[in-house]
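Containing PDB, C-alpha atoms: model_1.pdb.
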```pdb
MODEL        1
ATOM      1  CA  MET A1144      69.044  91.936  45.336  1.00  0.00           C
ATOM      2  CA  ASN A1145      66.779  94.856  46.227  1.00  0.00           C
ATOM      3  CA  SER A1146      63.742  92.620  46.465  1.00  0.00           C
ATOM      4  CA  PHE A1147      65.674  90.317  48.826  1.00  0.00           C
ATOM      5  CA  ARG A1148      66.534  93.268  51.118  1.00  0.00           C
ATOM      6  CA  ALA A1149      62.972  94.528  51.021  1.00  0.00           C
ATOM      7  CA  ALA A1150      61.634  91.061  51.929  1.00  0.00           C
ATOM      8  CA  ALA A1151      64.192  90.710  54.741  1.00  0.00           C
ATOM      9  CA  THR A1152      63.352  94.158  56.107  1.00  0.00           C
ATOM     10  CA  ALA A1153      59.615  93.510  55.909  1.00  0.00           C
ATOM     11  CA  SER A1154      59.899  90.118  57.601  1.00  0.00           C
ATOM     12  CA  THR A1155      62.082  91.623  60.336  1.00  0.00           C
ATOM     13  CA  LEU A1156      59.506  94.345  60.984  1.00  0.00           C
ATOM     14  CA  VAL A1157      56.640  91.843  61.015  1.00  0.00           C
ATOM     15  CA  LEU A1158      58.565  89.591  63.390  1.00  0.00           C
ATOM     16  CA  ALA A1159      59.321  92.549  65.696  1.00  0.00           C
ATOM     17  CA  LEU A1160      55.625  93.515  65.761  1.00  0.00           C
ATOM     18  CA  VAL A1161      54.562  89.942  66.518  1.00  0.00           C
ATOM     19  CA  LEU A1162      57.083  89.638  69.355  1.00  0.00           C
ATOM     20  CA  ALA A1163      56.107  93.030  70.784  1.00  0.00           C
ATOM     21  CA  GLY A1164      52.485  91.937  70.893  1.00  0.00           C
ATOM     22  CA  CYS A1165      53.267  88.977  73.133  1.00  0.00           C
ATOM     23  CA  SER A1166      54.074  90.923  76.289  1.00  0.00           C
ATOM     24  CA  ASP A1167      52.569  90.026  79.655  1.00  0.00           C
ATOM     25  CA  SER A1168      50.441  93.166  79.799  1.00  0.00           C
ATOM     26  CA  THR A1169      48.903  92.315  76.425  1.00  0.00           C
ATOM     27  CA  LYS A1170      48.047  88.832  77.625  1.00  0.00           C
ATOM     28  CA  LYS A1171      46.376  90.282  80.723  1.00  0.00           C
ATOM     29  CA  GLU A1172      44.424  92.807  78.654  1.00  0.00           C
ATOM     30  CA  PHE A1173      42.976  90.125  76.400  1.00  0.00           C
ATOM     31  CA  GLY A1174      42.219  87.801  79.317  1.00  0.00           C
ATOM     32  CA  LEU A1175      44.721  85.144  78.287  1.00  0.00           C
ATOM     33  CA  GLU A1176      46.414  85.242  81.695  1.00  0.00           C
ATOM     34  CA  ALA A1177      44.622  84.856  85.014  1.00  0.00           C
ATOM     35  CA  ASN A1178      44.376  87.911  87.256  1.00  0.00           C
ATOM     36  CA  PRO A1179      43.093  86.571  90.599  1.00  0.00           C
ATOM     37  CA  PRO A1180      41.881  88.908  93.346  1.00  0.00           C
ATOM     38  CA  ASP A1181      44.060  89.631  96.361  1.00  0.00           C
ATOM     39  CA  ALA A1182      43.153  87.030  98.994  1.00  0.00           C
ATOM     40  CA  PHE A1183      43.749  89.478 101.844  1.00  0.00           C
ATOM     41  CA  GLN A1184      41.387  92.114 100.469  1.00  0.00           C
ATOM     42  CA  VAL A1185      38.421  89.836  99.857  1.00  0.00           C
ATOM     43  CA  GLY A1186      35.784  90.483 102.476  1.00  0.00           C
ATOM     44  CA  VAL A1187      32.477  88.917 103.338  1.00  0.00           C
ATOM     45  CA  GLN A1188      29.500  91.148 102.726  1.00  0.00           C
ATOM     46  CA  PRO A1189      26.983  91.299 105.565  1.00  0.00           C
ATOM     47  CA  PRO A1190      23.666  89.575 104.860  1.00  0.00           C
ATOM     48  CA  LEU A1191      20.727  91.606 103.649  1.00  0.00           C
ATOM     49  CA  SER A1192      18.134  92.308 106.290  1.00  0.00           C
ATOM     50  CA  LEU A1193      15.107  94.518 106.583  1.00  0.00           C
ATOM     51  CA  PRO A1194      14.448  96.526 109.725  1.00  0.00           C
ATOM     52  CA  PRO A1195      11.075  96.074 111.466  1.00  0.00           C
ATOM     53  CA  GLU A1196       9.955  99.472 110.247  1.00  0.00           C
ATOM     54  CA  LEU A1197      11.460 101.107 107.209  1.00  0.00           C
ATOM     55  CA  GLY A1198      10.712 104.567 108.598  1.00  0.00           C
ATOM     56  CA  GLN A1199      13.343 104.113 111.338  1.00  0.00           C
ATOM     57  CA  LEU A1200      16.223 103.998 108.887  1.00  0.00           C
ATOM     58  CA  PRO A1201      18.664 106.908 109.130  1.00  0.00           C
ATOM     59  CA  PRO A1202      19.054 108.963 105.972  1.00  0.00           C
ATOM     60  CA  PRO A1203      22.006 107.822 103.815  1.00  0.00           C
ATOM     61  CA  ASN A1204      25.198 109.871 103.720  1.00  0.00           C
ATOM     62  CA  PRO A1205      26.604 109.912 100.177  1.00  0.00           C
ATOM     63  CA  GLY A1206      30.301 109.101 100.037  1.00  0.00           C
ATOM     64  CA  GLN A1207      30.412 107.595 103.528  1.00  0.00           C
ATOM     65  CA  PRO A1208      31.144 103.888 104.080  1.00  0.00           C
ATOM     66  CA  ARG A1209      28.236 101.656 104.973  1.00  0.00           C
ATOM     67  CA  PRO A1210      27.858 101.323 108.744  1.00  0.00           C
ATOM     68  CA  GLN A1211      27.565  97.513 108.594  1.00  0.00           C
ATOM     69  CA  ALA A1212      30.529  97.026 106.215  1.00  0.00           C
ATOM     70  CA  ASP A1213      33.679  95.480 107.716  1.00  0.00           C
ATOM     71  CA  ASP A1214      37.253  96.210 106.769  1.00  0.00           C
ATOM     72  CA  ALA A1215      38.930  92.917 105.746  1.00  0.00           C
ATOM     73  CA  ALA A1216      42.385  94.054 106.873  1.00  0.00           C
ATOM     74  CA  GLN A1217      41.087  95.106 110.290  1.00  0.00           C
ATOM     75  CA  ASP A1218      39.178  91.824 110.692  1.00  0.00           C
ATOM     76  CA  GLY A1219      42.383  89.881 109.984  1.00  0.00           C
ATOM     77  CA  ALA A1220      44.358  91.985 112.458  1.00  0.00           C
ATOM     78  CA  ASN A1221      41.681  91.416 115.109  1.00  0.00           C
ATOM     79  CA  ILE A1222      41.859  87.655 114.575  1.00  0.00           C
ATOM     80  CA  LEU A1223      45.656  87.580 114.835  1.00  0.00           C
ATOM     81  CA  ALA A1224      45.891  89.916 117.843  1.00  0.00           C
ATOM     82  CA  PRO A1225      42.539  90.111 119.642  1.00  0.00           C
ATOM     83  CA  GLY A1226      43.782  92.758 122.087  1.00  0.00           C
ATOM     84  CA  GLY A1227      45.151  94.916 119.295  1.00  0.00           C
ATOM     85  CA  ALA A1228      46.863  98.161 120.131  1.00  0.00           C
ATOM     86  CA  ALA A1229      44.507  98.809 123.031  1.00  0.00           C
ATOM     87  CA  ALA A1230      45.836  95.875 125.075  1.00  0.00           C
ATOM     88  CA  SER A1231      45.525  96.175 128.831  1.00  0.00           C
ATOM     89  CA  ALA A1232      48.471  96.277 131.203  1.00  0.00           C
ATOM     90  CA  PRO A1233      49.978  92.882 132.028  1.00  0.00           C
ATOM     91  CA  THR A1234      48.700  91.168 135.149  1.00  0.00           C
ATOM     92  CA  PRO A1235      51.054  90.513 138.094  1.00  0.00           C
ATOM     93  CA  GLY A1236      51.361  86.882 137.009  1.00  0.00           C
ATOM     94  CA  GLU A1237      52.334  87.927 133.472  1.00  0.00           C
ATOM     95  CA  GLN A1238      54.846  90.427 134.880  1.00  0.00           C
ATOM     96  CA  ALA A1239      56.436  87.710 137.060  1.00  0.00           C
ATOM     97  CA  LEU A1240      56.668  85.346 134.083  1.00  0.00           C
ATOM     98  CA  LEU A1241      58.274  88.054 131.937  1.00  0.00           C
ATOM     99  CA  ALA A1242      60.748  88.901 134.726  1.00  0.00           C
ATOM    100  CA  GLN A1243      61.814  85.239 134.981  1.00  0.00           C
ATOM    101  CA  SER A1244      62.193  84.864 131.213  1.00  0.00           C
ATOM    102  CA  GLY A1245      65.203  87.170 131.094  1.00  0.00           C
ATOM    103  CA  PRO A1246      65.978  90.486 129.439  1.00  0.00           C
ATOM    104  CA  THR A1247      63.930  91.820 126.573  1.00  0.00           C
ATOM    105  CA  PRO A1248      65.334  91.044 123.126  1.00  0.00           C
ATOM    106  CA  PRO A1249      66.955  93.893 121.200  1.00  0.00           C
ATOM    107  CA  ASP A1250      64.909  95.942 118.758  1.00  0.00           C
ATOM    108  CA  GLY A1251      64.750  94.515 115.255  1.00  0.00           C
ATOM    109  CA  ILE A1252      65.687  90.988 116.320  1.00  0.00           C
ATOM    110  CA  ARG A1253      62.894  89.438 114.236  1.00  0.00           C
ATOM    111  CA  ALA A1254      64.091  91.205 111.068  1.00  0.00           C
ATOM    112  CA  GLN A1255      67.672  90.128 111.790  1.00  0.00           C
ATOM    113  CA  VAL A1256      66.652  86.487 112.304  1.00  0.00           C
ATOM    114  CA  ASN A1257      64.558  86.533 109.119  1.00  0.00           C
ATOM    115  CA  GLN A1258      67.468  88.031 107.145  1.00  0.00           C
ATOM    116  CA  ASN A1259      69.892  85.406 108.499  1.00  0.00           C
ATOM    117  CA  ALA A1260      67.456  82.614 107.646  1.00  0.00           C
ATOM    118  CA  LEU A1261      67.027  83.990 104.115  1.00  0.00           C
ATOM    119  CA  ILE A1262      70.788  84.157 103.564  1.00  0.00           C
ATOM    120  CA  ALA A1263      71.358  80.685 105.018  1.00  0.00           C
ATOM    121  CA  SER A1264      68.611  79.111 102.907  1.00  0.00           C
ATOM    122  CA  LYS A1265      70.003  80.336  99.580  1.00  0.00           C
ATOM    123  CA  PRO A1266      72.322  77.796  97.973  1.00  0.00           C
ATOM    124  CA  PRO A1267      75.637  79.317  96.913  1.00  0.00           C
ATOM    125  CA  GLY A1268      76.211  79.744  93.203  1.00  0.00           C
ATOM    126  CA  PHE A1269      79.051  78.380  91.111  1.00  0.00           C
ATOM    127  CA  VAL A1270      81.218  81.491  91.417  1.00  0.00           C
ATOM    128  CA  SER A1271      80.592  81.678  95.174  1.00  0.00           C
ATOM    129  CA  ASN A1272      81.727  78.073  95.560  1.00  0.00           C
ATOM    130  CA  LEU A1273      84.760  78.772  93.404  1.00  0.00           C
ATOM    131  CA  MET A1274      85.763  81.887  95.328  1.00  0.00           C
ATOM    132  CA  GLY A1275      84.643  80.684  98.759  1.00  0.00           C
ATOM    133  CA  SER A1276      82.544  83.811  99.222  1.00  0.00           C
ATOM    134  CA  GLY A1277      79.168  82.168  99.766  1.00  0.00           C
ATOM    135  CA  PRO A1278      76.995  82.787 102.785  1.00  0.00           C
ATOM    136  CA  THR A1279      78.793  82.478 106.067  1.00  0.00           C
ATOM    137  CA  PRO A1280      78.168  79.180 107.846  1.00  0.00           C
ATOM    138  CA  THR A1281      75.942  79.112 110.887  1.00  0.00           C
ATOM    139  CA  PRO A1282      78.047  79.994 113.930  1.00  0.00           C
ATOM    140  CA  VAL A1283      78.553  77.254 116.512  1.00  0.00           C
ATOM    141  CA  VAL A1284      78.977  78.093 120.198  1.00  0.00           C
ATOM    142  CA  ASP A1285      82.363  77.167 121.673  1.00  0.00           C
ATOM    143  CA  ALA A1286      81.073  75.198 124.683  1.00  0.00           C
ATOM    144  CA  PRO A1287      84.187  75.256 126.961  1.00  0.00           C
ATOM    145  CA  ALA A1288      84.754  78.980 126.432  1.00  0.00           C
ATOM    146  CA  GLU A1289      81.046  79.699 127.000  1.00  0.00           C
ATOM    147  CA  GLN A1290      81.071  77.697 130.245  1.00  0.00           C
ATOM    148  CA  GLN A1291      84.102  79.655 131.433  1.00  0.00           C
ATOM    149  CA  ARG A1292      82.414  82.971 130.547  1.00  0.00           C
ATOM    150  CA  LEU A1293      79.267  81.989 132.460  1.00  0.00           C
ATOM    151  CA  GLN A1294      81.282  80.930 135.517  1.00  0.00           C
ATOM    152  CA  GLU A1295      83.208  84.221 135.475  1.00  0.00           C
ATOM    153  CA  ASN A1296      79.954  86.198 135.259  1.00  0.00           C
ATOM    154  CA  GLU A1297      78.501  84.201 138.159  1.00  0.00           C
ATOM    155  CA  ALA A1298      81.630  84.735 140.284  1.00  0.00           C
ATOM    156  CA  LEU A1299      81.561  88.493 139.606  1.00  0.00           C
ATOM    157  CA  GLY A1300      77.793  88.713 140.224  1.00  0.00           C
ATOM    158  CA  GLN A1301      77.069  89.884 136.693  1.00  0.00           C
ATOM    159  CA  PRO A1302      74.078  88.767 134.591  1.00  0.00           C
ATOM    160  CA  VAL A1303      74.565  85.853 132.206  1.00  0.00           C
ATOM    161  CA  THR A1304      73.988  88.155 129.233  1.00  0.00           C
ATOM    162  CA  ASN A1305      77.134  90.156 129.993  1.00  0.00           C
ATOM    163  CA  GLY A1306      79.824  89.586 127.373  1.00  0.00           C
ATOM    164  CA  ALA A1307      79.822  88.120 123.900  1.00  0.00           C
ATOM    165  CA  THR A1308      79.112  84.439 123.321  1.00  0.00           C
ATOM    166  CA  PRO A1309      82.288  82.719 122.046  1.00  0.00           C
ATOM    167  CA  GLN A1310      81.769  81.017 118.705  1.00  0.00           C
ATOM    168  CA  GLN A1311      83.706  78.578 116.573  1.00  0.00           C
ATOM    169  CA  SER A1312      84.326  79.554 112.974  1.00  0.00           C
ATOM    170  CA  GLU A1313      83.971  76.912 110.271  1.00  0.00           C
ATOM    171  CA  GLU A1314      84.992  78.805 107.150  1.00  0.00           C
ATOM    172  CA  ASN A1315      85.279  76.806 103.949  1.00  0.00           C
ATOM    173  CA  PRO A1316      87.822  78.405 101.580  1.00  0.00           C
ATOM    174  CA  GLY A1317      86.990  78.149  97.909  1.00  0.00           C
ATOM    175  CA  LEU A1318      89.034  76.496  95.209  1.00  0.00           C
ATOM    176  CA  PHE A1319      90.608  79.815  94.182  1.00  0.00           C
ATOM    177  CA  HIS A1320      91.763  80.572  97.765  1.00  0.00           C
ATOM    178  CA  ARG A1321      93.151  77.062  98.188  1.00  0.00           C
ATOM    179  CA  PHE A1322      95.060  77.470  94.913  1.00  0.00           C
ATOM    180  CA  LEU A1323      96.538  80.809  96.060  1.00  0.00           C
ATOM    181  CA  ASN A1324      97.535  79.320  99.418  1.00  0.00           C
ATOM    182  CA  LEU A1325      99.826  76.868  97.595  1.00  0.00           C
ATOM    183  CA  PHE A1326     102.197  79.721  96.725  1.00  0.00           C
TER     184      PHE A1326
ENDMDL
END
```

Please express what this file holds, its structure, as structure tokens.
Amino acid sequence: MNSFRAAATASTLVLALVLAGCSDSTKKEFGLEANPPDAFQVGVQPPLSLPPELGQLPPPNPGQPRPQADDAAQDGANILAPGGAAASAPTPGEQALLAQSGPTPPDGIRAQVNQNALIASKPPGFVSNLMGSGPTPTPVVDAPAEQQRLQENEALGQPVTNGATPQQSEENPGLFHRFLNLF
């Protein structure tokens, strides 16, 4: 009986050591798992070139970045927004176009739209379907009420953005809520 316990204990310890050795960090350390470079930090090195006269080279400054080296992040930002932060003032034509396009959107609208899209794209789980507590459906504008609101704003001389847009609600109660509504 003692030899059986000793064998069971030893095999349990060996199994624990084997399983502990199979972690992701161990695989990366031994090169069994790929560790690719970050695609946004890879930069192109400038080509090697020799100046006409080597005596005209400035003395090197240890610890300073090379003068011909480019920052990959800054290069990407320059490609996406050529004007960058030092953009010039808008021209009169651009100002007229912006004035005709309506009011400026509220701050953080892009983050709010991205969050709504993320919530709407996630399929509800089993419990959410059962309880009816999944993501809220996309709101639909109530067309007759919106037309009335716009006509009232026009009659009062107010901008079209005044007031909340009326929306129809299409809530789908879950099975649990439907069951409780029977009583």

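Excluding Asp1285 of chain A itself and any same-chain residue fewer than 2 positions from it, the protein and nucleic acid residues within 12 Å of it, counting all atoms listed in the file, are Pro1282, Val1283, Pro1287, Ala1288, Glu1289, Gln1290, Gln1291, Arg1292, Ala1307, Thr1308, Pro1309, Gln1310, Gln1311, Ser1312 and Glu1313 of chain A.
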
Atomic distance atom CA of Val1185 of chain A - atom CA of Ala1212 of chain A, expressed in Å with one decimal: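 Separation of atom CA of Val1185 of chain A and atom CA of Ala1212 of chain A: 12.4 Å.
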
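Our summary of the geometry notes that atom CA of Ile1222 of chain A is positioned 26.1 Å from atom CA of Gln1255 of chain A.
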
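One finds atom CA of Gln1301 of chain A at 16.0 Å from atom CA of Gln1243 of chain A.
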
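A search radius of 12 Å centred on (34.6, 94.4, 107.5), applied to only C-alpha atoms, returns the residues Phe1183, Gln1184, Val1185, Gly1186, Val1187, Gln1188, Pro1189, Pro1208, Arg1209, Pro1210, Gln1211, Ala1212, Asp1213, Asp1214, Ala1215, Ala1216, Gln1217, Asp1218, Gly1219, Ala1220 and Asn1221 of chain A.
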
The centre and edge lengths of an axis-aligned box containing all atoms of segment 1282-1290 of chain A present in the file, extended by 8 Å on each side, are to be given in Å to one decimal, as JSON.
```
{"center_x": 81.4, "center_y": 77.6, "center_z": 122.1, "size_x": 22.7, "size_y": 20.8, "size_z": 32.3}
```
